[in-house]
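Scroll down for the structure; my scribbles are underneath it.
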Amino acid sequence: PISAAGSAAGRFDVELGAAIDSALHNGKRGLWLKVPLPCAAFVAPAVRHGFAYHHAQPDYALLVRWLPTDLPSPLPKYAFTQIGCGGVVLNGCDEVLMVQERVSPLPLYQDSWKLPGGLADPGEDFAVAVAREVFEETGVRCVLEGIVSLRHMHGVRFGQSDLYVVIKLRTEGDEPRPPISMDTHELQGARWMKRAEIEALVVPNDYKEALEGRVSYNNWETIQNALDGNLICGKLHSGARPCMFYTASTGEVV
């Protein structure tokens, strides 16, 4: 507890050693130790007792020790996958919302036209995350139609895996072509584009030069799938732990 922050690290060292002996005597295998930020001085004694970092948050570090020496630890790892979401947003004229990032993650994509999107926040469903990103970047409000595609990569930021989900959305309200209010800190361009206009900007799949003012082949392929293909539909399941449940479409969006 935080109230223990004033205790000497030496006393903690002794008490932790006794707690480990008791756990061994009682046949315990896995030990978890949550160290609040004000008690950071207690991390060093814990490490000396064989604890290792499991994960850290701004206000605490969680350490773990697996006691058996002849068995591998089955204790769960911390979350190791980040989730990103992109949106194929259609308006009432069946135009697609395309954006240009102010600073692209790779020089190759600088000034290219792409789909809006970003990383999901903790606790966000796919559709909520992408709708938030679209609104923050362009001021356009939209609703879920279904999942278009999912990409799974490994060894990305901080060694994490990465899921990128592309969602098809429709604009809210009766206005066929909602106005765009661009976040100039994030974007340098945002436009509604007709299908033929996007297609005219697409580069070949093996294109290796800078994509300035162009659309990547992968983005175009995703847009085509959203416009012409079946979707994975989402439905809210209620219960003790409500969740979004996604299933393959038979042609009609749920």
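All residue names refer to the structure tokens as shown: chains lettered A, B, ... in order, residues numbered from 1 in each chain, ligands numbered from 1 in order.
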
Report the closest atom pair, with its distance in Å rounded to one decimal, for each residue of segment 57-121 of chain A that has an atom no farther than 8 Å from segment 171-180 of chain A; count only C-alpha atoms, sort by chain and then rising residue number, and write it as a Markdown table.
| residue | atom | partner | partner_atom | distance |
| --- | --- | --- | --- | --- |
| A:Val89 | CA | A:Thr171 | CA | 6.9 |
| A:Leu90 | CA | A:Thr171 | CA | 6.3 |
| A:Asn91 | CA | A:Thr171 | CA | 5.3 |
| A:Gly92 | CA | A:Pro176 | CA | 4.0 |
| A:Cys93 | CA | A:Pro176 | CA | 5.9 |

Please list as a compact mmCIF listing (two decimals) with N, CA, C and O atoms, in the first residue's frame every residue within 12 Å of segment 104-106 of chain A, counting only C-alpha atoms and excluding residues in the same chain fewer than 5 positions away.
# COMPACT_ATOMS: atom_id res chain seq x y z
N VAL A 99 -7.25 11.42 -46.81
CA VAL A 99 -6.49 12.44 -46.07
C VAL A 99 -5.01 12.36 -46.43
O VAL A 99 -4.51 11.34 -46.92
N ASP A 111 3.02 13.02 -48.05
CA ASP A 111 2.13 13.71 -48.98
C ASP A 111 1.25 12.78 -49.80
O ASP A 111 0.58 13.21 -50.75
N SER A 112 1.23 11.49 -49.50
CA SER A 112 0.33 10.58 -50.20
C SER A 112 -1.08 10.70 -49.64
O SER A 112 -1.29 11.18 -48.53
N TRP A 113 -2.05 10.26 -50.43
CA TRP A 113 -3.44 10.21 -49.99
C TRP A 113 -3.72 8.85 -49.39
O TRP A 113 -3.34 7.83 -49.97
N LYS A 114 -4.36 8.84 -48.23
CA LYS A 114 -4.59 7.59 -47.51
C LYS A 114 -5.92 7.65 -46.79
O LYS A 114 -6.62 8.67 -46.81
N GLY A 118 -5.95 5.66 -36.85
CA GLY A 118 -4.94 5.81 -35.81
C GLY A 118 -5.04 4.67 -34.81
O GLY A 118 -5.75 3.68 -35.03
N ARG A 157 6.41 -1.42 -33.01
CA ARG A 157 6.83 -0.46 -31.99
C ARG A 157 7.05 -1.13 -30.64
O ARG A 157 6.20 -1.88 -30.17
N GLU A 186 -2.60 17.58 -37.44
CA GLU A 186 -2.41 16.20 -37.86
C GLU A 186 -2.35 16.05 -39.39
O GLU A 186 -1.63 15.19 -39.90
N LEU A 187 -3.13 16.86 -40.09
CA LEU A 187 -3.29 16.69 -41.53
C LEU A 187 -2.89 17.93 -42.30
O LEU A 187 -2.96 19.05 -41.80
N GLN A 188 -2.50 17.71 -43.56
CA GLN A 188 -2.30 18.82 -44.47
C GLN A 188 -3.30 18.79 -45.63
O GLN A 188 -3.35 19.70 -46.45
N ALA A 210 8.70 7.85 -54.16
CA ALA A 210 7.86 8.58 -53.21
C ALA A 210 6.43 8.69 -53.74
O ALA A 210 6.21 8.86 -54.94
N LEU A 211 5.46 8.60 -52.83
CA LEU A 211 4.04 8.56 -53.20
C LEU A 211 3.38 9.93 -53.15
O LEU A 211 2.16 10.01 -53.00
N GLU A 212 4.12 10.98 -53.27
CA GLU A 212 3.59 12.34 -53.16
C GLU A 212 2.38 12.53 -54.08
O GLU A 212 2.48 12.37 -55.30

Please determine, counting only C-alpha atoms, which residue among A:Ala52, A:Leu115, A:Ala240, A:Met193 has the shortest atom-to-atom distance to Leu31 of chain A.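 When distances to Leu31 of chain A are compared using only C-alpha atoms, the smallest one comes from A:Ala52.
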
From the options A:Ile232, A:Ala23, A:Met244, A:Cys142, which residue's atoms come nearest to Pro68 of chain A, counting only C-alpha atoms? A:Ala23

Select, from A:Met153, A:Val47, A:Cys39, A:Ile223, the residue with the minimum atom-to-atom distance to Leu97 of chain A, counting only C-alpha atoms.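 For Leu97 of chain A, the nearest of the given residues is A:Ile223.
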
Between A:Ser149, A:Asn219, A:Thr81, A:Ser73, which is the closest to Asp162 of chain A once you count only C-alpha atoms?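 Selected residue with least distance to Asp162 of chain A: A:Thr81.
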
What parts of segment 185-233 of chain A does DSSP call strand (DSSP E or B)? I'd like the answer as a list in words.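 After running DSSP on the backbone, segment 185-233 of chain A has strand (DSSP E or B) at Leu187, Gln188, Gly189, Ala190, Arg191, Trp192, Met193, Val202, Val215, Ile232 and Cys233 of chain A.
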
Atom CA of Leu37 of chain A to atom CA of Glu15 of chain A, distance in Å rounded to a single decimal: 19.2 Å

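The residue set within 12 Å of Pro122 of chain A, counting only C-alpha atoms and dropping same-chain residues fewer than 6 places from it, reads Ala79, Thr81, Gln82, Ile83, Gly84, Val128 and Ala129 of chain A.
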
Just N, CA, C and O atoms for this one: save the residues we selected as a short mmCIF file (atom, residue, chain, number, x, y, z; two decimals), in the first residue's frame.
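again26.cif, written as the output of this step:
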data_model
loop_
_atom_site.label_atom_id
_atom_site.label_comp_id
_atom_site.auth_asym_id
_atom_site.auth_seq_id
_atom_site.Cartn_x
_atom_site.Cartn_y
_atom_site.Cartn_z
N ALA A 79 0.02 -7.45 -22.00
CA ALA A 79 -0.47 -7.20 -23.35
C ALA A 79 0.70 -6.90 -24.29
O ALA A 79 1.57 -6.10 -23.97
N THR A 81 0.17 -6.60 -27.92
CA THR A 81 -0.34 -6.23 -29.24
C THR A 81 -0.99 -4.86 -29.18
O THR A 81 -1.86 -4.61 -28.33
N GLN A 82 -0.58 -3.96 -30.06
CA GLN A 82 -1.27 -2.68 -30.19
C GLN A 82 -2.28 -2.79 -31.33
O GLN A 82 -2.12 -3.60 -32.24
N ILE A 83 -3.34 -1.97 -31.26
CA ILE A 83 -4.42 -2.04 -32.24
C ILE A 83 -4.56 -0.69 -32.92
O ILE A 83 -4.70 0.35 -32.25
N GLY A 84 -4.53 -0.71 -34.23
CA GLY A 84 -4.80 0.48 -35.02
C GLY A 84 -6.02 0.26 -35.88
O GLY A 84 -6.36 -0.88 -36.22
N VAL A 128 -15.62 2.30 -32.55
CA VAL A 128 -15.54 3.50 -31.72
C VAL A 128 -14.21 4.20 -31.94
O VAL A 128 -14.14 5.43 -32.07
N ALA A 129 -13.13 3.40 -32.00
CA ALA A 129 -11.79 3.98 -32.18
C ALA A 129 -11.67 4.70 -33.51
O ALA A 129 -11.20 5.84 -33.58
#

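Compared by their closest atoms to Gly86 of chain A, and using only C-alpha atoms, the residues A:Val35, A:Val165, A:Met182, A:Leu231 rank with A:Val165 nearest.
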
Surrounding residues of Trp66 of chain A excluding itself and chain neighbours under 2 positions, 10 Å, only C-alpha atoms, as a CSV table (one decimal) with all heavy atoms, in the first residue's frame:
chain,number,residue,atom,x,y,z
A,28,LYS,N,2.8,-22.4,-2.8
A,28,LYS,CA,2.5,-21.4,-3.8
A,28,LYS,C,3.5,-21.5,-4.9
A,28,LYS,O,4.7,-21.9,-4.7
A,28,LYS,CB,2.5,-20.0,-3.2
A,28,LYS,CG,1.5,-19.8,-2.1
A,28,LYS,CD,0.1,-19.9,-2.5
A,28,LYS,CE,-0.9,-19.6,-1.4
A,28,LYS,NZ,-2.3,-19.8,-1.8
A,29,ARG,N,3.1,-21.0,-6.1
A,29,ARG,CA,4.1,-21.1,-7.3
A,29,ARG,C,4.4,-19.7,-7.9
A,29,ARG,O,5.5,-19.4,-8.1
A,29,ARG,CB,3.5,-22.0,-8.4
A,29,ARG,CG,3.4,-23.4,-7.9
A,29,ARG,CD,2.9,-24.3,-9.1
A,29,ARG,NE,3.0,-25.7,-8.8
A,29,ARG,CZ,2.9,-26.7,-9.7
A,29,ARG,NH1,2.6,-26.4,-11.0
A,29,ARG,NH2,3.0,-28.0,-9.3
A,30,GLY,N,3.3,-18.9,-8.1
A,30,GLY,CA,3.5,-17.6,-8.7
A,30,GLY,C,3.3,-16.5,-7.7
A,30,GLY,O,2.3,-16.5,-7.0
A,31,LEU,N,4.1,-15.5,-7.7
A,31,LEU,CA,4.0,-14.4,-6.8
A,31,LEU,C,3.9,-13.1,-7.6
A,31,LEU,O,4.7,-12.9,-8.5
A,31,LEU,CB,5.1,-14.3,-5.8
A,31,LEU,CG,5.4,-15.5,-4.9
A,31,LEU,CD1,6.6,-15.2,-4.0
A,31,LEU,CD2,4.1,-15.8,-4.0
A,32,TRP,N,3.0,-12.2,-7.3
A,32,TRP,CA,2.8,-10.9,-8.0
A,32,TRP,C,3.1,-9.8,-6.9
A,32,TRP,O,2.6,-9.9,-5.8
A,32,TRP,CB,1.4,-10.8,-8.5
A,32,TRP,CG,1.1,-11.8,-9.6
A,32,TRP,CD1,0.5,-13.0,-9.4
A,32,TRP,CD2,1.3,-11.7,-11.0
A,32,TRP,NE1,0.3,-13.7,-10.6
A,32,TRP,CE2,0.8,-12.9,-11.6
A,32,TRP,CE3,1.8,-10.7,-11.8
A,32,TRP,CZ2,0.8,-13.1,-13.0
A,32,TRP,CZ3,1.8,-10.9,-13.2
A,32,TRP,CH2,1.3,-12.1,-13.7
A,50,GLY,N,14.6,-12.1,-6.6
A,50,GLY,CA,14.2,-12.9,-7.7
A,50,GLY,C,13.1,-12.5,-8.5
A,50,GLY,O,12.6,-13.1,-9.5
A,51,PHE,N,12.5,-11.3,-8.2
A,51,PHE,CA,11.4,-10.8,-8.9
A,51,PHE,C,11.9,-10.2,-10.2
A,51,PHE,O,13.0,-9.6,-10.3
A,51,PHE,CB,10.6,-9.8,-8.1
A,51,PHE,CG,9.6,-10.4,-7.1
A,51,PHE,CD1,10.1,-10.8,-5.9
A,51,PHE,CD2,8.3,-10.5,-7.4
A,51,PHE,CE1,9.2,-11.3,-5.0
A,51,PHE,CE2,7.4,-11.1,-6.5
A,51,PHE,CZ,7.9,-11.5,-5.3
A,52,ALA,N,11.0,-10.2,-11.2
A,52,ALA,CA,11.3,-9.5,-12.5
A,52,ALA,C,10.2,-8.6,-12.9
A,52,ALA,O,9.0,-8.9,-12.5
A,52,ALA,CB,11.6,-10.6,-13.6
A,64,VAL,N,6.9,-9.9,-10.9
A,64,VAL,CA,6.5,-11.3,-10.8
A,64,VAL,C,7.6,-12.2,-10.5
A,64,VAL,O,8.8,-12.0,-10.9
A,64,VAL,CB,5.7,-11.7,-12.1
A,64,VAL,CG1,6.7,-11.7,-13.3
A,64,VAL,CG2,5.1,-13.1,-11.9
A,68,PRO,N,8.8,-22.3,-8.7
A,68,PRO,CA,9.5,-23.6,-9.1
A,68,PRO,C,10.7,-23.4,-10.0
A,68,PRO,O,10.6,-22.6,-10.9
A,68,PRO,CB,8.3,-24.4,-9.8
A,68,PRO,CG,7.1,-23.7,-9.3
A,68,PRO,CD,7.4,-22.3,-9.1
A,69,THR,N,11.7,-24.1,-9.7
A,69,THR,CA,12.9,-24.1,-10.6
A,69,THR,C,12.9,-25.2,-11.6
A,69,THR,O,13.8,-25.1,-12.5
A,69,THR,CB,14.2,-24.2,-9.7
A,69,THR,OG1,14.1,-25.4,-9.0
A,69,THR,CG2,14.2,-23.0,-8.7
A,71,LEU,N,10.1,-26.1,-13.4
A,71,LEU,CA,8.9,-26.0,-14.3
A,71,LEU,C,8.9,-24.6,-15.0
A,71,LEU,O,9.3,-23.6,-14.3
A,71,LEU,CB,7.6,-26.1,-13.5
A,71,LEU,CG,7.3,-27.5,-12.9
A,71,LEU,CD1,6.1,-27.4,-12.0
A,71,LEU,CD2,7.1,-28.6,-14.0
A,72,PRO,N,8.6,-24.6,-16.3
A,72,PRO,CA,8.5,-23.3,-16.9
A,72,PRO,C,7.3,-22.5,-16.4
A,72,PRO,O,6.3,-23.1,-16.0
A,72,PRO,CB,8.3,-23.6,-18.4
A,72,PRO,CG,7.7,-25.0,-18.4
A,72,PRO,CD,8.3,-25.7,-17.2
A,73,SER,N,7.4,-21.2,-16.4
A,73,SER,CA,6.3,-20.4,-15.9
A,73,SER,C,5.1,-20.3,-16.9
A,73,SER,O,5.3,-20.0,-18.0
A,73,SER,CB,6.8,-19.0,-15.6
A,73,SER,OG,5.7,-18.1,-15.3
A,74,PRO,N,3.9,-20.6,-16.4
A,74,PRO,CA,2.7,-20.4,-17.3
A,74,PRO,C,2.0,-19.1,-17.0
A,74,PRO,O,0.9,-18.8,-17.5
A,74,PRO,CB,1.8,-21.6,-16.8
A,74,PRO,CG,2.1,-21.7,-15.3
A,74,PRO,CD,3.6,-21.3,-15.1
A,75,LEU,N,2.6,-18.2,-16.2
A,75,LEU,CA,2.0,-17.0,-15.8
A,75,LEU,C,1.8,-16.1,-17.1
A,75,LEU,O,2.7,-16.0,-18.0
A,75,LEU,CB,2.8,-16.2,-14.8
A,75,LEU,CG,3.0,-16.9,-13.5
A,75,LEU,CD1,3.9,-16.1,-12.6
A,75,LEU,CD2,1.7,-17.1,-12.8

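Closest approach to Leu163 of chain A among A:Cys85, A:Leu236, A:Ala200, A:Val140: A:Cys85, based on only C-alpha atoms.
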
Using only C-alpha atoms, determine which residues lie at most 9 Å from Leu62 of chain A, disregarding the query and same-chain residues fewer than 6 positions distant; provide the list as a ChimeraX atom specification. /A:32-36,52-56

All heavy atoms of the current selection, written as a tab-separated table (two decimals), in the first residue's frame:
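Produced file out-v1.tsv, reproduced below:
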chain	number	residue	atom	x	y	z
A	32	TRP	N	2.96	-12.23	-7.30
A	32	TRP	CA	2.82	-10.94	-7.96
A	32	TRP	C	3.07	-9.85	-6.94
A	32	TRP	O	2.61	-9.92	-5.80
A	32	TRP	CB	1.40	-10.78	-8.54
A	32	TRP	CG	1.06	-11.80	-9.58
A	32	TRP	CD1	0.49	-13.02	-9.37
A	32	TRP	CD2	1.26	-11.69	-10.99
A	32	TRP	NE1	0.32	-13.68	-10.55
A	32	TRP	CE2	0.78	-12.89	-11.57
A	32	TRP	CE3	1.79	-10.71	-11.81
A	32	TRP	CZ2	0.82	-13.11	-12.95
A	32	TRP	CZ3	1.82	-10.93	-13.18
A	32	TRP	CH2	1.35	-12.12	-13.73
A	33	LEU	N	3.79	-8.82	-7.35
A	33	LEU	CA	4.12	-7.72	-6.44
A	33	LEU	C	3.86	-6.40	-7.16
A	33	LEU	O	4.56	-6.07	-8.13
A	33	LEU	CB	5.59	-7.80	-6.01
A	33	LEU	CG	6.08	-6.71	-5.07
A	33	LEU	CD1	5.34	-6.76	-3.74
A	33	LEU	CD2	7.59	-6.83	-4.86
A	34	LYS	N	2.87	-5.67	-6.68
A	34	LYS	CA	2.54	-4.37	-7.26
A	34	LYS	C	3.20	-3.27	-6.43
A	34	LYS	O	2.93	-3.15	-5.24
A	34	LYS	CB	1.02	-4.17	-7.30
A	34	LYS	CG	0.59	-2.90	-8.02
A	34	LYS	CD	-0.94	-2.83	-8.12
A	34	LYS	CE	-1.39	-1.60	-8.88
A	34	LYS	NZ	-2.88	-1.54	-9.01
A	35	VAL	N	4.06	-2.49	-7.06
A	35	VAL	CA	4.83	-1.45	-6.37
A	35	VAL	C	4.35	-0.08	-6.83
A	35	VAL	O	4.64	0.34	-7.95
A	35	VAL	CB	6.34	-1.60	-6.63
A	35	VAL	CG1	7.11	-0.55	-5.85
A	35	VAL	CG2	6.82	-3.01	-6.27
A	36	PRO	N	3.59	0.65	-5.98
A	36	PRO	CA	3.16	2.00	-6.37
A	36	PRO	C	4.35	2.92	-6.57
A	36	PRO	O	5.43	2.71	-5.99
A	36	PRO	CB	2.30	2.44	-5.18
A	36	PRO	CG	1.94	1.19	-4.46
A	36	PRO	CD	3.08	0.25	-4.67
A	52	ALA	N	11.02	-10.18	-11.25
A	52	ALA	CA	11.34	-9.54	-12.53
A	52	ALA	C	10.16	-8.64	-12.92
A	52	ALA	O	9.02	-8.86	-12.48
A	52	ALA	CB	11.58	-10.58	-13.61
A	53	TYR	N	10.44	-7.67	-13.75
A	53	TYR	CA	9.37	-6.78	-14.22
A	53	TYR	C	8.38	-7.56	-15.09
A	53	TYR	O	8.76	-8.35	-15.94
A	53	TYR	CB	9.93	-5.63	-15.05
A	53	TYR	CG	10.64	-4.57	-14.26
A	53	TYR	CD1	12.01	-4.38	-14.38
A	53	TYR	CD2	9.94	-3.75	-13.38
A	53	TYR	CE1	12.67	-3.39	-13.67
A	53	TYR	CE2	10.59	-2.76	-12.65
A	53	TYR	CZ	11.95	-2.59	-12.80
A	53	TYR	OH	12.60	-1.62	-12.08
A	54	HIS	N	7.11	-7.32	-14.84
A	54	HIS	CA	6.05	-7.83	-15.71
A	54	HIS	C	5.57	-6.71	-16.62
A	54	HIS	O	5.55	-6.83	-17.84
A	54	HIS	CB	4.89	-8.39	-14.88
A	54	HIS	CG	3.82	-9.02	-15.72
A	54	HIS	ND1	2.69	-8.33	-16.11
A	54	HIS	CD2	3.71	-10.27	-16.23
A	54	HIS	CE1	1.93	-9.13	-16.84
A	54	HIS	NE2	2.52	-10.32	-16.93
A	55	HIS	N	5.18	-5.58	-16.02
A	55	HIS	CA	4.84	-4.39	-16.79
A	55	HIS	C	4.82	-3.18	-15.86
A	55	HIS	O	4.91	-3.32	-14.64
A	55	HIS	CB	3.50	-4.54	-17.50
A	55	HIS	CG	2.31	-4.52	-16.58
A	55	HIS	ND1	1.79	-5.65	-15.97
A	55	HIS	CD2	1.53	-3.48	-16.15
A	55	HIS	CE1	0.76	-5.32	-15.22
A	55	HIS	NE2	0.58	-4.02	-15.31
A	56	ALA	N	4.73	-2.03	-16.45
A	56	ALA	CA	4.67	-0.79	-15.67
A	56	ALA	C	3.62	0.14	-16.27
A	56	ALA	O	3.39	0.14	-17.48
A	56	ALA	CB	6.03	-0.10	-15.65

Secondary structure check, alpha helix (DSSP H) residues of segment 14-232 of chain A, as an MDAnalysis selection string: chainID A and resid 14:25 43:48 126:138 195:200 217:228

Could you give me, as a PDB file with N, CA and C atoms, in the first residue's frame, the residues within 9 Å of Phe245 of chain A, counting only C-alpha atoms and dropping anything in the same chain fewer than 5 positions from it?
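As written to disk, part_0.pdb reads:
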ATOM      1  N   CYS A 233     -19.424  -8.352 -40.069  1.00  0.00           N
ATOM      2  CA  CYS A 233     -20.390  -7.482 -39.402  1.00  0.00           C
ATOM      3  C   CYS A 233     -20.221  -7.521 -37.885  1.00  0.00           C
ATOM      4  N   GLY A 234     -20.523  -6.396 -37.258  1.00  0.00           N
ATOM      5  CA  GLY A 234     -20.400  -6.286 -35.811  1.00  0.00           C
ATOM      6  C   GLY A 234     -21.748  -6.138 -35.143  1.00  0.00           C
ATOM      7  N   LYS A 235     -21.910  -6.817 -34.015  1.00  0.00           N
ATOM      8  CA  LYS A 235     -23.159  -6.753 -33.261  1.00  0.00           C
ATOM      9  C   LYS A 235     -22.836  -6.723 -31.779  1.00  0.00           C
ATOM     10  N   LEU A 236     -23.485  -5.850 -31.033  1.00  0.00           N
ATOM     11  CA  LEU A 236     -23.250  -5.757 -29.598  1.00  0.00           C
ATOM     12  C   LEU A 236     -23.920  -6.906 -28.877  1.00  0.00           C
ATOM     13  N   HIS A 237     -23.135  -7.677 -28.119  1.00  0.00           N
ATOM     14  CA  HIS A 237     -23.666  -8.753 -27.284  1.00  0.00           C
ATOM     15  C   HIS A 237     -23.729  -8.259 -25.848  1.00  0.00           C
TER      16      HIS A 237
END

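The coordinates place atom CA of Gly159 of chain A at 8.2 Å from atom CA of Phe80 of chain A.
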
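The coordinates place atom CA of Arg11 of chain A at 29.8 Å from atom CA of Lys77 of chain A.
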